[in-house]
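S.K.: What follows is structure.txt, made up of compact mmCIF, C-alpha atoms:
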# COMPACT_ATOMS: atom_id res chain seq x y z
CA MET A 1 -23.72 15.80 50.75
CA ARG A 2 -21.12 14.52 53.23
CA ALA A 3 -23.72 12.33 54.95
CA SER A 4 -24.48 10.52 51.69
CA LEU A 5 -20.79 9.73 51.10
CA VAL A 6 -20.31 7.76 54.32
CA PRO A 7 -22.91 5.06 53.50
CA ALA A 8 -21.47 4.79 49.98
CA ALA A 9 -17.97 4.24 51.33
CA LEU A 10 -19.20 1.68 53.84
CA ALA A 11 -21.15 -0.11 51.10
CA ALA A 12 -17.99 -0.21 48.97
CA ILE A 13 -16.14 -1.80 51.88
CA LEU A 14 -18.87 -4.35 52.55
CA PHE A 15 -19.40 -5.36 48.93
CA THR A 16 -15.72 -5.59 48.03
CA GLY A 17 -14.22 -6.59 51.37
CA CYS A 18 -14.97 -10.27 50.92
CA ALA A 19 -13.96 -10.54 47.28
CA SER A 20 -11.07 -8.07 47.07
CA ASP A 21 -8.25 -6.64 49.11
CA THR A 22 -8.87 -3.09 47.83
CA LEU A 23 -11.87 -0.76 47.71
CA GLY A 24 -14.24 -1.09 44.76
CA ASP A 25 -14.16 2.67 44.08
CA ASP A 26 -11.53 5.38 44.30
CA THR A 27 -12.00 7.02 47.71
CA ALA A 28 -10.53 10.25 49.07
CA TYR A 29 -10.20 11.80 52.51
CA ARG A 30 -8.97 15.22 53.60
CA ARG A 31 -8.43 17.24 56.72
CA LEU A 32 -7.65 20.87 57.42
CA VAL A 33 -4.05 21.45 58.47
CA ASP A 34 -3.46 22.17 62.15
CA GLY A 35 -3.31 25.80 63.19
CA TYR A 36 -6.48 26.97 61.42
CA ASP A 37 -10.11 26.75 62.47
CA SER A 38 -11.50 26.96 58.92
CA TYR A 39 -10.48 26.79 55.29
CA GLU A 40 -11.25 30.49 54.97
CA ALA A 41 -8.82 31.38 57.78
CA CYS A 42 -6.12 29.23 56.19
CA ALA A 43 -6.63 30.74 52.73
CA ALA A 44 -6.71 34.28 54.14
CA ALA A 45 -3.31 33.64 55.76
CA GLY A 46 -1.96 32.80 52.30
CA PHE A 47 -1.21 29.18 53.13
CA ALA A 48 -1.34 27.22 49.86
CA GLY A 49 -1.83 23.68 51.23
CA CYS A 50 -4.80 24.09 53.54
CA TYR A 51 -5.80 20.42 53.34
CA GLN A 52 -3.91 17.19 53.79
CA THR A 53 -5.21 14.40 51.56
CA LEU A 54 -5.31 10.62 51.52
CA THR A 55 -6.54 8.86 48.37
CA LEU A 56 -7.20 5.13 48.20
CA CYS A 57 -7.48 3.90 44.61
CA SER A 58 -9.44 0.85 43.49
CA SER A 59 -6.21 -0.33 41.80
CA GLY A 60 -4.53 -0.68 45.21
CA ALA A 61 -2.47 2.49 44.85
CA VAL A 62 -2.54 5.02 47.69
CA ARG A 63 -1.47 8.66 47.69
CA MET A 64 -0.93 10.82 50.76
CA GLU A 65 -0.15 14.50 50.75
CA LEU A 66 0.99 15.88 54.09
CA ASP A 67 2.30 19.31 53.15
CA PRO A 68 5.05 19.61 52.06
CA THR A 69 5.59 15.88 51.43
CA ARG A 70 3.74 13.70 48.97
CA GLN A 71 3.98 9.95 49.26
CA GLN A 72 2.82 7.10 47.04
CA GLY A 73 2.44 3.45 47.87
CA LYS A 74 0.13 0.44 47.87
CA TYR A 75 -2.59 -0.60 50.29
CA THR A 76 -4.67 -3.63 51.18
CA LEU A 77 -7.76 -4.01 53.32
CA GLU A 78 -7.89 -5.85 56.62
CA GLY A 79 -11.59 -5.63 57.42
CA ASP A 80 -12.39 -1.93 57.74
CA ILE A 81 -8.69 -0.99 58.04
CA ALA A 82 -6.71 0.15 55.00
CA VAL A 83 -3.06 -0.79 55.53
CA ALA A 84 -1.03 1.60 53.38
CA ALA A 85 2.65 0.87 52.79
CA PHE A 86 4.66 3.96 51.89
CA PRO A 87 8.46 4.02 51.40
CA ALA A 88 9.06 5.72 54.77
CA MET A 89 6.14 4.43 56.86
CA THR A 90 3.11 2.16 57.12
CA VAL A 91 -0.27 3.71 57.92
CA ARG A 92 -3.24 1.80 59.31
CA PHE A 93 -6.28 3.92 58.42
CA ASP A 94 -9.66 3.03 59.96
CA LEU A 95 -12.22 3.59 57.21
CA GLU A 96 -15.16 3.55 59.62
CA SER A 97 -13.86 6.22 62.00
CA ALA A 98 -11.62 8.01 59.44
CA THR A 99 -8.67 7.99 61.86
CA SER A 100 -5.14 6.63 62.09
CA SER A 101 -2.79 6.54 65.06
CA GLN A 102 0.07 7.09 62.60
CA LEU A 103 -1.57 10.35 61.45
CA PRO A 104 -2.54 12.11 64.69
CA GLY A 105 -4.36 15.41 64.65
CA ARG A 106 -7.65 16.44 63.18
CA ARG A 107 -10.18 13.89 62.03
CA TRP A 108 -10.25 13.09 58.32
CA GLU A 109 -13.42 13.61 56.28
CA LEU A 110 -14.59 11.62 53.28
CA VAL A 111 -14.76 13.83 50.20
CA GLU A 112 -15.72 13.52 46.58
CA PRO A 113 -13.02 15.36 44.62
CA ILE A 114 -13.50 16.61 41.09
CA VAL A 115 -10.61 14.39 39.96
CA TYR A 116 -9.11 11.45 41.83
CA ASP A 117 -5.33 11.19 41.85
CA CYS A 118 -5.41 7.53 40.82
CA PRO A 119 -3.54 5.61 38.10
For the structure just supplied, provide its representation as structure tokens.
M.R.:
Amino acid sequence: MRASLVPAALAAILFTGCASDTLGDDTAYRRLVDGYDSYEACAAAGFAGCYQTLTLCSSGAVRMELDPTRQQGKYTLEGDIAVAAFPAMTVRFDLESATSSQLPGRRWELVEPIVYDCP
């Protein structure tokens, strides 16, 4: 299922990148918190926030949850880079490689959540 999400995200970038400064669809990424090799190991340790999340909304809103902090802001696209402005920091997130030098650590993965945290 993960393999089918990557082409969809890239298509959203390609089709909306020329006409809009935001993604055409709500898009979410997550990564396992450092210190655990799997979700199961994290959950077994009783850690509630096993994943960090980054949600890019088609409205231009962006949400980032890096346990224990949750930040909200706005983003725009610069090619395949989402530039997210939060109150305390700016994050340049590469949509193609799912990485950001401002968010070092594990690689992010594109996910399809049950509900997007978008306005």
S.K.: Which polymer residues have any atom within 12 Å of an atom of Ala61 of chain A, counting only C-alpha atoms, with same-chain residues fewer than 6 positions away left out, as a ChimeraX atom specification?
M.R.: /A:21-23,25-28,54-55,71-77,82-86,116-119
S.K.: Please determine, counting only C-alpha atoms, which residue among A:Tyr36, A:Phe47, A:Trp108, A:Tyr29 has the shortest atom-to-atom distance to Val62 of chain A.
M.R.: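 Under the stated criterion, the closest residue is A:Tyr29.
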S.K.: Can you tell me, as an mmCIF file with C-alpha atoms, in the frame of the given file, what residues are no more than 8 Å from Arg31 of chain A when counting all atoms listed in the file, ignoring any on the same chain fewer than 2 positions away?
M.R.:
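Saved to result36.cif:
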data_model
loop_
_atom_site.group_PDB
_atom_site.id
_atom_site.type_symbol
_atom_site.label_atom_id
_atom_site.label_comp_id
_atom_site.auth_asym_id
_atom_site.auth_seq_id
_atom_site.Cartn_x
_atom_site.Cartn_y
_atom_site.Cartn_z
ATOM 1 C CA TYR A 29 -10.200 11.800 52.510
ATOM 2 C CA VAL A 33 -4.050 21.450 58.470
ATOM 3 C CA TYR A 51 -5.800 20.420 53.340
ATOM 4 C CA GLN A 52 -3.910 17.190 53.790
ATOM 5 C CA THR A 53 -5.210 14.400 51.560
ATOM 6 C CA ARG A 106 -7.650 16.440 63.180
ATOM 7 C CA ARG A 107 -10.180 13.890 62.030
ATOM 8 C CA TRP A 108 -10.250 13.090 58.320
ATOM 9 C CA GLU A 109 -13.420 13.610 56.280
#
S.K.: Quick one: of A:Leu32, A:Gly49, A:Leu110, A:Asp67, who's nearest to Leu95 of chain A, counting only C-alpha atoms?
M.R.: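 Ranked by minimum distance to Leu95 of chain A, first place goes to A:Leu110.
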S.K.: To one decimal place in Å, what is the distance between atom CA of Ser97 of chain A and atom CA of Arg70 of chain A?
M.R.: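 Interatomic distance, atom CA of Ser97 of chain A to atom CA of Arg70 of chain A: 23.1 Å.
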S.K.: Point out the residue among A:Leu66, A:Val115, A:Ala48, A:Ala88 with the least atom-to-atom distance to Arg30 of chain A, counting all atoms listed in the file.
M.R.: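 Counting all atoms listed in the file, the residue closest to Arg30 of chain A is A:Leu66.
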S.K.: Would you please work out which residue, of A:Pro87, A:Ala45, A:Gly105, A:Ser100, is nearest to Arg63 of chain A when using all atoms listed in the file?
M.R.: A:Pro87
S.K.: If I take atom CA of Gly46 of chain A and atom CA of Pro113 of chain A, how far is one from the other in Å, to one decimal?
M.R.: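 Between these atoms lies a distance of 22.0 Å.
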S.K.: Interatomic distance between atom CA of Ser38 of chain A and atom CA of Ile114 of chain A?
M.R.: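 That distance, rounded to one decimal, is 20.7 Å.
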